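Participant: Just query_12.pdb, nothing more (PDB, C-alpha atoms):
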```pdb
MODEL        1
ATOM      1  CA  ALA Q 939      41.514  48.822 -27.406
ATOM      2  CA  CYS Q 940      43.831  47.366 -30.065
ATOM      3  CA  SER Q 941      43.125  50.230 -32.442
ATOM      4  CA  LEU Q 942      43.662  52.823 -29.718
ATOM      5  CA  ARG Q 943      46.944  51.205 -28.695
ATOM      6  CA  ALA Q 944      48.175  51.272 -32.295
ATOM      7  CA  ALA Q 945      47.139  54.917 -32.604
ATOM      8  CA  MET Q 946      48.984  55.760 -29.401
ATOM      9  CA  ASP Q 947      52.127  54.107 -30.706
ATOM     10  CA  PHE Q 948      51.840  56.101 -33.914
ATOM     11  CA  ALA Q 949      51.215  59.334 -31.960
ATOM     12  CA  ALA Q 950      54.251  58.676 -29.824
ATOM     13  CA  SER Q 951      56.393  58.416 -32.970
ATOM     14  CA  LEU Q 952      55.084  61.879 -33.981
ATOM     15  CA  SER Q 953      55.806  63.400 -30.556
ATOM     16  CA  MET Q 954      52.178  64.322 -29.822
ATOM     17  CA  SER Q 955      51.381  66.430 -26.763
ATOM     18  CA  HIS Q 956      51.667  64.790 -23.374
ATOM     19  CA  GLU Q 957      48.073  65.802 -22.480
ATOM     20  CA  VAL Q 958      46.608  63.945 -25.475
ATOM     21  CA  THR Q 959      48.735  60.925 -24.694
ATOM     22  CA  LEU Q 960      47.500  60.855 -21.075
ATOM     23  CA  GLU Q 961      43.864  61.091 -22.178
ATOM     24  CA  ALA Q 962      44.385  58.230 -24.636
ATOM     25  CA  ALA Q 963      46.110  56.147 -21.978
ATOM     26  CA  ALA Q 964      43.179  56.707 -19.570
ATOM     27  CA  LEU Q 965      40.703  55.709 -22.280
ATOM     28  CA  LEU Q 966      42.742  52.617 -23.100
ATOM     29  CA  GLU Q 967      42.767  51.621 -19.439
ATOM     30  CA  ARG Q 968      38.968  51.969 -19.240
ATOM     31  CA  LEU Q 969      38.531  49.898 -22.396
ATOM     32  CA  GLU Q 970      40.801  47.160 -21.096
ATOM     33  CA  ASP Q 971      39.017  47.151 -17.731
ATOM     34  CA  THR Q 972      35.704  46.780 -19.525
ATOM     35  CA  ARG Q 973      37.104  43.959 -21.610
ATOM     36  CA  SER Q 974      38.484  42.077 -18.632
ATOM     37  CA  THR Q 975      35.396  42.353 -16.483
ATOM     38  CA  SER Q 976      32.405  42.555 -18.800
ATOM     39  CA  GLU Q 977      33.138  40.580 -21.946
ATOM     40  CA  VAL Q 978      30.618  37.929 -22.961
ATOM     41  CA  ASP Q 979      32.198  34.548 -22.388
ATOM     42  CA  GLY Q 980      33.021  32.918 -25.710
ATOM     43  CA  LEU Q 981      32.270  35.984 -27.854
ATOM     44  CA  ARG Q 982      35.845  36.330 -29.115
ATOM     45  CA  GLU Q 983      35.807  32.666 -30.089
ATOM     46  CA  VAL Q 984      32.654  33.368 -32.098
ATOM     47  CA  PHE Q 985      34.410  36.107 -34.062
ATOM     48  CA  ASP Q 986      37.497  33.948 -34.560
ATOM     49  CA  GLU Q 987      35.311  31.142 -35.886
ATOM     50  CA  ALA Q 988      33.585  33.576 -38.259
ATOM     51  CA  ARG Q 989      36.974  34.889 -39.461
ATOM     52  CA  LEU Q 990      36.040  38.328 -38.111
ATOM     53  CA  ALA Q 991      38.602  38.710 -35.333
ATOM     54  CA  ALA Q 992      39.280  42.320 -36.364
ATOM     55  CA  PHE Q 993      35.761  43.219 -35.165
ATOM     56  CA  ALA Q 994      36.023  41.436 -31.812
ATOM     57  CA  ASP Q 995      37.107  44.446 -29.732
ATOM     58  CA  LYS Q 996      34.357  46.676 -31.099
ATOM     59  CA  ALA Q 997      31.786  43.936 -30.634
ATOM     60  CA  CYS Q 998      32.859  43.251 -27.025
ATOM     61  CA  ALA Q 999      32.672  46.957 -26.198
ATOM     62  CA  TRP Q1000      29.205  47.245 -27.744
ATOM     63  CA  CYS Q1001      27.938  44.153 -25.916
ATOM     64  CA  SER Q1002      29.269  45.619 -22.680
ATOM     65  CA  GLN Q1003      27.436  48.874 -23.324
ATOM     66  CA  GLN Q1004      24.251  46.932 -24.043
ATOM     67  CA  ARG Q1005      24.827  44.905 -20.873
ATOM     68  CA  LEU Q1006      24.692  41.590 -22.703
ATOM     69  CA  GLN Q1007      26.106  38.734 -20.649
ATOM     70  CA  THR Q1008      25.585  35.519 -22.614
ATOM     71  CA  ILE Q1009      25.914  34.267 -26.171
ATOM     72  CA  ALA Q1010      22.155  33.673 -26.173
ATOM     73  CA  GLU Q1011      21.578  37.363 -25.432
ATOM     74  CA  VAL Q1012      24.060  38.339 -28.156
ATOM     75  CA  GLY Q1013      22.200  36.054 -30.549
ATOM     76  CA  ALA Q1014      18.945  37.868 -29.794
ATOM     77  CA  ALA Q1015      20.633  41.165 -30.607
ATOM     78  CA  THR Q1016      22.542  39.990 -33.690
ATOM     79  CA  ALA Q1017      20.737  42.358 -36.085
ATOM     80  CA  SER Q1018      21.715  45.413 -34.027
ATOM     81  CA  LEU Q1019      25.260  44.119 -33.587
ATOM     82  CA  VAL Q1020      25.941  43.628 -37.288
ATOM     83  CA  ASP Q1021      24.518  47.088 -38.016
ATOM     84  CA  HIS Q1022      26.812  48.579 -35.392
ATOM     85  CA  LEU Q1023      29.820  46.751 -36.841
ATOM     86  CA  GLY Q1024      28.877  47.587 -40.434
ATOM     87  CA  LEU Q1025      29.405  44.033 -41.657
ATOM     88  CA  LYS Q1026      28.939  43.017 -45.259
ATOM     89  CA  PRO Q1027      26.225  40.437 -46.112
ATOM     90  CA  LEU Q1028      28.626  37.471 -46.259
ATOM     91  CA  GLU Q1029      30.287  38.611 -43.032
ATOM     92  CA  GLN Q1030      26.879  38.904 -41.392
ATOM     93  CA  LYS Q1031      26.028  35.380 -42.511
ATOM     94  CA  ARG Q1032      29.267  33.954 -41.094
ATOM     95  CA  LEU Q1033      28.797  35.769 -37.793
ATOM     96  CA  THR Q1034      25.172  34.666 -37.429
ATOM     97  CA  LYS Q1035      26.119  31.068 -38.140
ATOM     98  CA  SER Q1036      28.977  31.191 -35.626
ATOM     99  CA  ILE Q1037      26.763  32.724 -32.918
ATOM    100  CA  ASP Q1038      24.058  30.110 -33.482
ATOM    101  CA  SER Q1039      26.588  27.264 -33.294
ATOM    102  CA  LYS Q1040      28.036  28.597 -30.057
ATOM    103  CA  ARG Q1041      24.578  29.152 -28.553
ATOM    104  CA  ILE Q1042      23.441  25.610 -29.395
ATOM    105  CA  ALA Q1043      26.649  24.094 -27.986
ATOM    106  CA  GLU Q1044      26.219  25.994 -24.732
ATOM    107  CA  SER Q1045      22.561  24.994 -24.428
ATOM    108  CA  LEU Q1046      23.486  21.314 -24.873
ATOM    109  CA  ASN Q1047      26.206  21.562 -22.234
ATOM    110  CA  HIS Q1048      24.018  23.453 -19.795
ATOM    111  CA  VAL Q1049      22.136  21.429 -17.187
ATOM    112  CA  PRO Q1050      19.307  23.380 -15.566
ATOM    113  CA  SER Q1051      19.485  23.590 -11.792
ATOM    114  CA  ASP Q1052      16.075  22.013 -11.344
ATOM    115  CA  ALA Q1053      17.188  19.038 -13.482
ATOM    116  CA  GLY Q1054      20.282  18.753 -11.319
ATOM    117  CA  LEU Q1055      18.173  18.749  -8.185
ATOM    118  CA  HIS Q1056      15.880  16.111  -9.692
ATOM    119  CA  LYS Q1057      18.926  14.000 -10.542
ATOM    120  CA  GLU Q1058      20.218  14.216  -6.967
ATOM    121  CA  SER Q1059      16.767  13.471  -5.570
ATOM    122  CA  ALA Q1060      16.344  10.445  -7.850
ATOM    123  CA  ALA Q1061      19.792   9.152  -6.881
ATOM    124  CA  ARG Q1062      19.002   9.469  -3.159
ATOM    125  CA  ALA Q1063      15.636   7.771  -3.606
ATOM    126  CA  LEU Q1064      17.251   4.907  -5.506
ATOM    127  CA  SER Q1065      19.974   4.472  -2.886
ATOM    128  CA  THR Q1066      17.336   4.371  -0.154
ATOM    129  CA  ALA Q1067      15.216   1.880  -2.099
ATOM    130  CA  ILE Q1068      18.033  -0.618  -2.610
ATOM    131  CA  SER Q1069      19.390  -0.300   0.936
ATOM    132  CA  SER Q1070      16.045  -0.855   2.670
ATOM    133  CA  SER Q1071      15.216  -4.394   3.741
ATOM    134  CA  VAL Q1072      11.459  -3.874   3.503
ATOM    135  CA  ASN Q1073      11.115  -2.596  -0.060
ATOM    136  CA  GLY Q1074       9.806  -4.999  -2.673
ATOM    137  CA  SER Q1075      10.621  -5.192  -6.347
ATOM    138  CA  ALA Q1076       7.826  -2.750  -7.263
ATOM    139  CA  GLU Q1077       9.320   0.055  -5.131
ATOM    140  CA  VAL Q1078      12.856  -0.589  -6.362
ATOM    141  CA  ARG Q1079      11.750  -0.771 -10.005
ATOM    142  CA  ARG Q1080       9.845   2.506  -9.674
ATOM    143  CA  ALA Q1081      12.881   4.242  -8.164
ATOM    144  CA  LEU Q1082      15.126   2.693 -10.837
ATOM    145  CA  ASP Q1083      12.895   3.954 -13.670
ATOM    146  CA  GLU Q1084      12.946   7.490 -12.251
ATOM    147  CA  ALA Q1085      16.722   7.348 -11.770
ATOM    148  CA  GLU Q1086      17.287   6.167 -15.340
ATOM    149  CA  ALA Q1087      15.134   9.029 -16.634
ATOM    150  CA  ALA Q1088      17.122  11.500 -14.482
ATOM    151  CA  LEU Q1089      20.459  10.132 -15.817
ATOM    152  CA  VAL Q1090      21.964   9.264 -12.437
ATOM    153  CA  PRO Q1091      25.469   7.726 -12.422
ATOM    154  CA  VAL Q1092      25.785   4.398 -14.222
ATOM    155  CA  ASP Q1093      27.439   2.586 -11.309
ATOM    156  CA  LEU Q1094      24.435   3.315  -9.073
ATOM    157  CA  LEU Q1095      22.068   2.088 -11.789
ATOM    158  CA  GLU Q1096      24.040  -1.163 -12.141
ATOM    159  CA  ARG Q1097      23.956  -1.780  -8.391
ATOM    160  CA  ALA Q1098      20.217  -1.116  -8.381
ATOM    161  CA  ARG Q1099      19.635  -3.554 -11.259
ATOM    162  CA  CYS Q1100      21.576  -6.278  -9.430
ATOM    163  CA  LYS Q1101      19.596  -5.589  -6.254
ATOM    164  CA  LEU Q1102      16.338  -5.710  -8.219
ATOM    165  CA  ASP Q1103      17.270  -9.108  -9.697
ATOM    166  CA  GLU Q1104      18.049 -10.401  -6.205
ATOM    167  CA  ILE Q1105      14.746  -9.131  -4.783
ATOM    168  CA  GLU Q1106      12.765 -10.599  -7.677
ATOM    169  CA  ARG Q1107      14.413 -14.011  -7.150
ATOM    170  CA  GLU Q1108      13.584 -13.899  -3.442
ATOM    171  CA  GLU Q1109       9.987 -12.917  -4.183
ATOM    172  CA  ALA Q1110       9.658 -15.738  -6.719
ATOM    173  CA  GLU Q1111      11.005 -18.243  -4.172
ATOM    174  CA  LYS Q1112       8.572 -16.974  -1.515
ATOM    175  CA  GLU Q1113       5.691 -17.161  -3.959
ATOM    176  CA  ASP Q1114       6.627 -20.709  -4.921
ATOM    177  CA  ALA Q1115       6.939 -21.719  -1.271
ATOM    178  CA  ALA Q1116       3.542 -20.173  -0.508
ATOM    179  CA  PHE Q1117       2.002 -22.060  -3.438
ATOM    180  CA  ARG Q1118       3.509 -25.348  -2.282
ATOM    181  CA  GLN Q1119       2.346 -24.725   1.286
ATOM    182  CA  GLY Q1120      -1.167 -23.967   0.065
ATOM    183  CA  HIS Q1121      -1.143 -27.133  -2.054
ATOM    184  CA  LEU Q1122      -0.033 -29.177   0.935
ATOM    185  CA  GLU Q1123      -2.710 -27.701   3.205
ATOM    186  CA  ASN Q1124      -5.429 -28.365   0.631
ATOM    187  CA  ALA Q1125      -4.195 -31.943   0.128
ATOM    188  CA  LEU Q1126      -4.241 -32.637   3.887
ATOM    189  CA  ALA Q1127      -7.745 -31.182   4.176
ATOM    190  CA  ALA Q1128      -8.900 -33.461   1.348
ATOM    191  CA  LEU Q1129      -7.198 -36.400   3.087
ATOM    192  CA  GLN Q1130      -9.092 -35.746   6.318
ATOM    193  CA  ASP Q1131     -12.369 -35.475   4.414
ATOM    194  CA  ALA Q1132     -11.733 -38.773   2.617
ATOM    195  CA  SER Q1133     -10.862 -40.407   5.915
ATOM    196  CA  VAL Q1134     -14.185 -39.312   7.407
ATOM    197  CA  ARG Q1135     -16.102 -40.570   4.363
ATOM    198  CA  ASN Q1136     -14.424 -43.979   4.789
ATOM    199  CA  ASN Q1137     -14.356 -44.561   1.036
ATOM    200  CA  VAL Q1138     -11.533 -46.647  -0.406
ATOM    201  CA  GLU Q1139     -11.306 -44.900  -3.777
ATOM    202  CA  ALA Q1140     -11.519 -41.389  -2.337
ATOM    203  CA  LEU Q1141      -9.032 -42.184   0.430
ATOM    204  CA  ALA Q1142      -6.537 -43.752  -1.998
ATOM    205  CA  ALA Q1143      -6.716 -40.712  -4.303
ATOM    206  CA  ALA Q1144      -6.325 -38.315  -1.351
ATOM    207  CA  ILE Q1145      -3.240 -40.194  -0.122
ATOM    208  CA  VAL Q1146      -1.606 -39.946  -3.548
ATOM    209  CA  GLU Q1147      -2.378 -36.214  -3.747
ATOM    210  CA  ALA Q1148      -1.035 -35.590  -0.238
ATOM    211  CA  GLN Q1149       2.188 -37.457  -0.972
ATOM    212  CA  THR Q1150       2.597 -35.508  -4.222
ATOM    213  CA  ALA Q1151       2.205 -32.274  -2.240
ATOM    214  CA  GLY Q1152       5.006 -33.410   0.087
ATOM    215  CA  ALA Q1153       2.998 -34.728   3.015
ATOM    216  CA  CYS Q1154       4.769 -37.499   4.918
ATOM    217  CA  GLY Q1155       3.629 -37.067   8.504
ATOM    218  CA  GLN Q1156       1.341 -39.007  10.831
ATOM    219  CA  ASP Q1157      -1.741 -38.015   8.843
ATOM    220  CA  VAL Q1158      -0.487 -39.964   5.834
ATOM    221  CA  VAL Q1159       0.589 -42.948   7.983
ATOM    222  CA  ASP Q1160      -2.839 -43.087   9.617
ATOM    223  CA  ALA Q1161      -4.570 -42.780   6.248
ATOM    224  CA  LEU Q1162      -2.505 -45.635   4.803
ATOM    225  CA  ALA Q1163      -3.419 -47.850   7.778
ATOM    226  CA  GLN Q1164      -7.067 -46.899   7.394
ATOM    227  CA  LEU Q1165      -6.896 -47.704   3.677
ATOM    228  CA  ASP Q1166      -5.490 -51.167   4.398
ATOM    229  CA  THR Q1167      -8.237 -51.774   6.938
ATOM    230  CA  LEU Q1168     -10.912 -50.630   4.502
ATOM    231  CA  LYS Q1169      -9.541 -52.819   1.734
ATOM    232  CA  THR Q1170      -9.514 -55.840   4.070
ATOM    233  CA  GLU Q1171     -13.052 -55.174   5.241
ATOM    234  CA  ASN Q1172     -14.235 -54.668   1.678
ATOM    235  CA  SER Q1173     -12.603 -57.949   0.619
ATOM    236  CA  LYS Q1174     -14.309 -59.790   3.475
ATOM    237  CA  GLU Q1175     -17.626 -58.190   2.657
ATOM    238  CA  ALA Q1176     -17.277 -59.177  -0.994
ATOM    239  CA  ALA Q1177     -16.431 -62.751   0.043
ATOM    240  CA  ARG Q1178     -19.482 -62.907   2.335
ATOM    241  CA  THR Q1179     -21.702 -61.614  -0.443
ATOM    242  CA  ASP Q1180     -20.405 -64.214  -2.894
ATOM    243  CA  ALA Q1181     -20.772 -67.032  -0.341
ATOM    244  CA  THR Q1182     -24.349 -66.014   0.458
ATOM    245  CA  LYS Q1183     -25.279 -66.013  -3.206
ATOM    246  CA  GLU Q1184     -23.679 -69.430  -3.690
ATOM    247  CA  LEU Q1185     -25.568 -70.806  -0.704
ATOM    248  CA  GLU Q1186     -28.840 -69.526  -2.071
ATOM    249  CA  LEU Q1187     -28.162 -71.127  -5.452
ATOM    250  CA  ALA Q1188     -27.067 -74.421  -3.906
ATOM    251  CA  ALA Q1189     -30.171 -74.573  -1.720
ATOM    252  CA  ARG Q1190     -32.356 -74.484  -4.804
ATOM    253  CA  GLY Q1191     -30.841 -77.720  -6.157
ATOM    254  CA  ASP Q1192     -30.392 -81.260  -4.949
ATOM    255  CA  ASP Q1193     -26.553 -81.243  -4.985
ATOM    256  CA  VAL Q1194     -25.627 -82.101  -1.405
ATOM    257  CA  GLU Q1195     -21.921 -81.552  -1.891
ATOM    258  CA  ARG Q1196     -22.465 -78.071  -3.343
ATOM    259  CA  ILE Q1197     -24.755 -77.212  -0.447
ATOM    260  CA  SER Q1198     -22.112 -78.416   2.050
ATOM    261  CA  ALA Q1199     -19.367 -76.384   0.352
ATOM    262  CA  ALA Q1200     -21.531 -73.281   0.336
ATOM    263  CA  ILE Q1201     -22.263 -73.679   4.018
ATOM    264  CA  VAL Q1202     -18.539 -73.978   4.788
ATOM    265  CA  ALA Q1203     -17.795 -70.863   2.731
TER     266      ALA Q1203
ENDMDL
END
```
Could the structure of this file be written out as C-alpha cells, please?

Facilitator:
Amino acid sequence: ACSLRAAMDFAASLSMSHEVTLEAAALLERLEDTRSTSEVDGLREVFDEARLAAFADKACAWCSQQRLQTIAEVGAATASLVDHLGLKPLEQKRLTKSIDSKRIAESLNHVPSDAGLHKESAARALSTAISSSVNGSAEVRRALDEAEAALVPVDLLERARCKLDEIEREEAEKEDAAFRQGHLENALAALQDASVRNNVEALAAAIVEAQTAGACGQDVVDALAQLDTLKTENSKEAARTDATKELELAARGDDVERISAAIVA
C-alpha cells in the first residue's frame, strides 16, 4: 500500500491517464481494507523489532492471502514468508528471532479458557469451604491447596488461611476437651471400682487420680469419707491384733501386771 501510494504520487506528477489513476486508487483501497481488517495482530511490531519495517506491508498482505491470523501461525510459515519477501540470510535470522520472541511472549500472556474456568471453580469452592460452618480443617485445606495451584486471587487465599488457622485452633480445643473428659470419666470409673473393693491403698490412689482429672463432685466427697472410715477401721483392727498378741505373750509368763495391762488393752 505504501509503495502503491508513492507510485500514484509520482504518476500524478507525470500527468498519467485518469483511467490508470482510478485503477490504482481502487487497488490501494482494497489493500488498505485488507490491512485494516485482516492484519495479524503484532506482525508490524515484529518487523519493526527486526529492523525490517520496509517489508511489513508486503508481509501483511501475504499473511492475509494465506489466511494467517496469529503470530504462532506466522511462525509456522516463516520459511515461506522469508522466501516470498526475498530476505537475505541475516535479515531472515533477525525476522525469525523477532517472530519467536513475540510468539513466546504471547503464549506466556495467554491463559487458556479451561484454566480460567478451573481458576473460577477453585475460587468458588474455596469461598464455599470457608463460609460453611460444618467444614473441618481437612476440607478447607484441600480447597486451599487446589486454589493455590489454580492461582486464585491473593486476598481470597489470605482469608482462607486465616479461616483455616481458626478452624484448626477450634479443633485442637475440642480434641483437648474430649481428652480431658475421657480422662475424667476413666478416673471416676476407677474411683467407683476402688470404692467397691474397699481397699485403702487403691481408694487413696483413685481419689488422687480423680482430683487430678478435675473431679470435685459428690463422688470424690463420698470416697474421701469412705477412705477416712477405712483408715479408722484399719487402725482399730491393727490395735486389736497387737493387743491380742500381747495378751497371748503375757499369758505365757508369770507377770501379773503385764497380764492385767494386756487384758485392759

Participant: Determine the nearest neighbour of Q:Arg1135 from the options Q:Gln1164, Q:Thr1179, Q:Ser1018, Q:Gln1007, counting only C-alpha atoms.

Facilitator: Q:Gln1164

Participant: Would you kindly return, as a list in words, each protein, DNA or RNA residue with an atom no farther than 10 Å from any atom of Q:Ala1017, considering only C-alpha atoms and excluding same-chain residues fewer than 4 positions away?

Facilitator: Val1012, Gly1013, Asp1021, His1022, Gln1030 and Thr1034 of chain Q

Participant: What separation in Å, quoted to one decimal, exists between atom CA of Q:Thr1150 and atom CA of Q:Asn1172?

Facilitator: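 These atoms are spaced 26.2 Å apart.
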
Participant: Excluding Q:Glu1139 and its own-chain neighbours fewer than 5 positions away, which residues fall within 10 Å of it when counting all atoms listed in the file? Please give them as a list in words.

Facilitator: Ala1132, Ala1144, Leu1165 and Lys1169 of chain Q

Participant: Give me, please, the distance in Å between atom CA of Q:Ala1148 and atom CA of Q:Ala1161, quoted to one decimal.

Facilitator: 10.3 Å

Participant: At what distance in Å, to one decimal, does atom CA of Q:Glu1044 lie from atom CA of Q:Leu1095?

Facilitator: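 Straight-line distance from atom CA of Q:Leu1095 to atom CA of Q:Glu1044 works out to 27.5 Å.
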
Participant: Would you list the residues near (17.8, 1.8, -0.6) (no more than 12 Å away, in the coordinates of the file, using all atoms listed in the file) as number ranges by chain?

Facilitator: Q: 1060-1075, 1077-1079, 1081-1082, 1094-1095, 1097-1098, 1101-1102

Participant: Can you pull out the residues contacting Q:Ile1009? Cut-off 7 Å, using all atoms listed in the file, and skip same-chain residues under 6 positions away; I want them as a PDB file with C-alpha atoms, keeping the file's coordinate frame.

Facilitator:
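Result saved to selection.pdb:
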```pdb
ATOM      1  CA  VAL Q 978      30.618  37.929 -22.961  1.00  0.00           C
ATOM      2  CA  LEU Q 981      32.270  35.984 -27.854  1.00  0.00           C
ATOM      3  CA  ILE Q1037      26.763  32.724 -32.918  1.00  0.00           C
ATOM      4  CA  ARG Q1041      24.578  29.152 -28.553  1.00  0.00           C
TER       5      ARG Q1041
END
```

Participant: Evaluated on this file, the PyMOL selection byres ((chain Q and resi 983-994) around 8) picks out some residues - which ones are they, written as a ChimeraX atom specification?

Facilitator: /Q:980-982,995-998,1023,1029,1032-1033,1035-1037,1040

Participant: Can those selected residues be exported to a file as an mmCIF file, in the frame of the given file so that it contains C-alpha atoms?

Facilitator:
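Just written: again-v8.cif:
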```
data_model
loop_
_atom_site.group_PDB
_atom_site.id
_atom_site.type_symbol
_atom_site.label_atom_id
_atom_site.label_comp_id
_atom_site.auth_asym_id
_atom_site.auth_seq_id
_atom_site.Cartn_x
_atom_site.Cartn_y
_atom_site.Cartn_z
ATOM 1 C CA GLY Q 980 33.021 32.918 -25.710
ATOM 2 C CA LEU Q 981 32.270 35.984 -27.854
ATOM 3 C CA ARG Q 982 35.845 36.330 -29.115
ATOM 4 C CA ASP Q 995 37.107 44.446 -29.732
ATOM 5 C CA LYS Q 996 34.357 46.676 -31.099
ATOM 6 C CA ALA Q 997 31.786 43.936 -30.634
ATOM 7 C CA CYS Q 998 32.859 43.251 -27.025
ATOM 8 C CA LEU Q 1023 29.820 46.751 -36.841
ATOM 9 C CA GLU Q 1029 30.287 38.611 -43.032
ATOM 10 C CA ARG Q 1032 29.267 33.954 -41.094
ATOM 11 C CA LEU Q 1033 28.797 35.769 -37.793
ATOM 12 C CA LYS Q 1035 26.119 31.068 -38.140
ATOM 13 C CA SER Q 1036 28.977 31.191 -35.626
ATOM 14 C CA ILE Q 1037 26.763 32.724 -32.918
ATOM 15 C CA LYS Q 1040 28.036 28.597 -30.057
#
```

Participant: Keeping C-alpha atoms (and nothing else), can you write stretch 1009-1032 of chain Q of this structure as a tab-separated table (two decimals), in the first residue's frame?

Facilitator:
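Final output, saved to decode-v7.tsv:
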```
chain	number	residue	atom	x	y	z
Q	1009	ILE	CA	1.88	-14.81	15.29
Q	1010	ALA	CA	2.08	-18.53	16.06
Q	1011	GLU	CA	0.67	-19.31	12.61
Q	1012	VAL	CA	3.11	-16.85	11.02
Q	1013	GLY	CA	5.93	-18.56	12.90
Q	1014	ALA	CA	4.92	-21.91	11.43
Q	1015	ALA	CA	5.06	-20.39	7.96
Q	1016	THR	CA	8.27	-18.38	8.43
Q	1017	ALA	CA	10.22	-20.28	5.75
Q	1018	SER	CA	7.60	-19.50	3.09
Q	1019	LEU	CA	7.33	-15.89	4.26
Q	1020	VAL	CA	11.04	-15.14	4.01
Q	1021	ASP	CA	11.14	-16.74	0.55
Q	1022	HIS	CA	8.23	-14.56	-0.53
Q	1023	LEU	CA	9.92	-11.44	0.84
Q	1024	GLY	CA	13.32	-12.38	-0.61
Q	1025	LEU	CA	15.17	-11.65	2.61
Q	1026	LYS	CA	18.91	-12.01	2.95
Q	1027	PRO	CA	20.30	-14.57	5.46
Q	1028	LEU	CA	20.94	-12.01	8.22
Q	1029	GLU	CA	17.52	-10.45	7.63
Q	1030	GLN	CA	15.93	-13.90	7.82
Q	1031	LYS	CA	17.71	-14.54	11.11
Q	1032	ARG	CA	16.52	-11.25	12.61
```
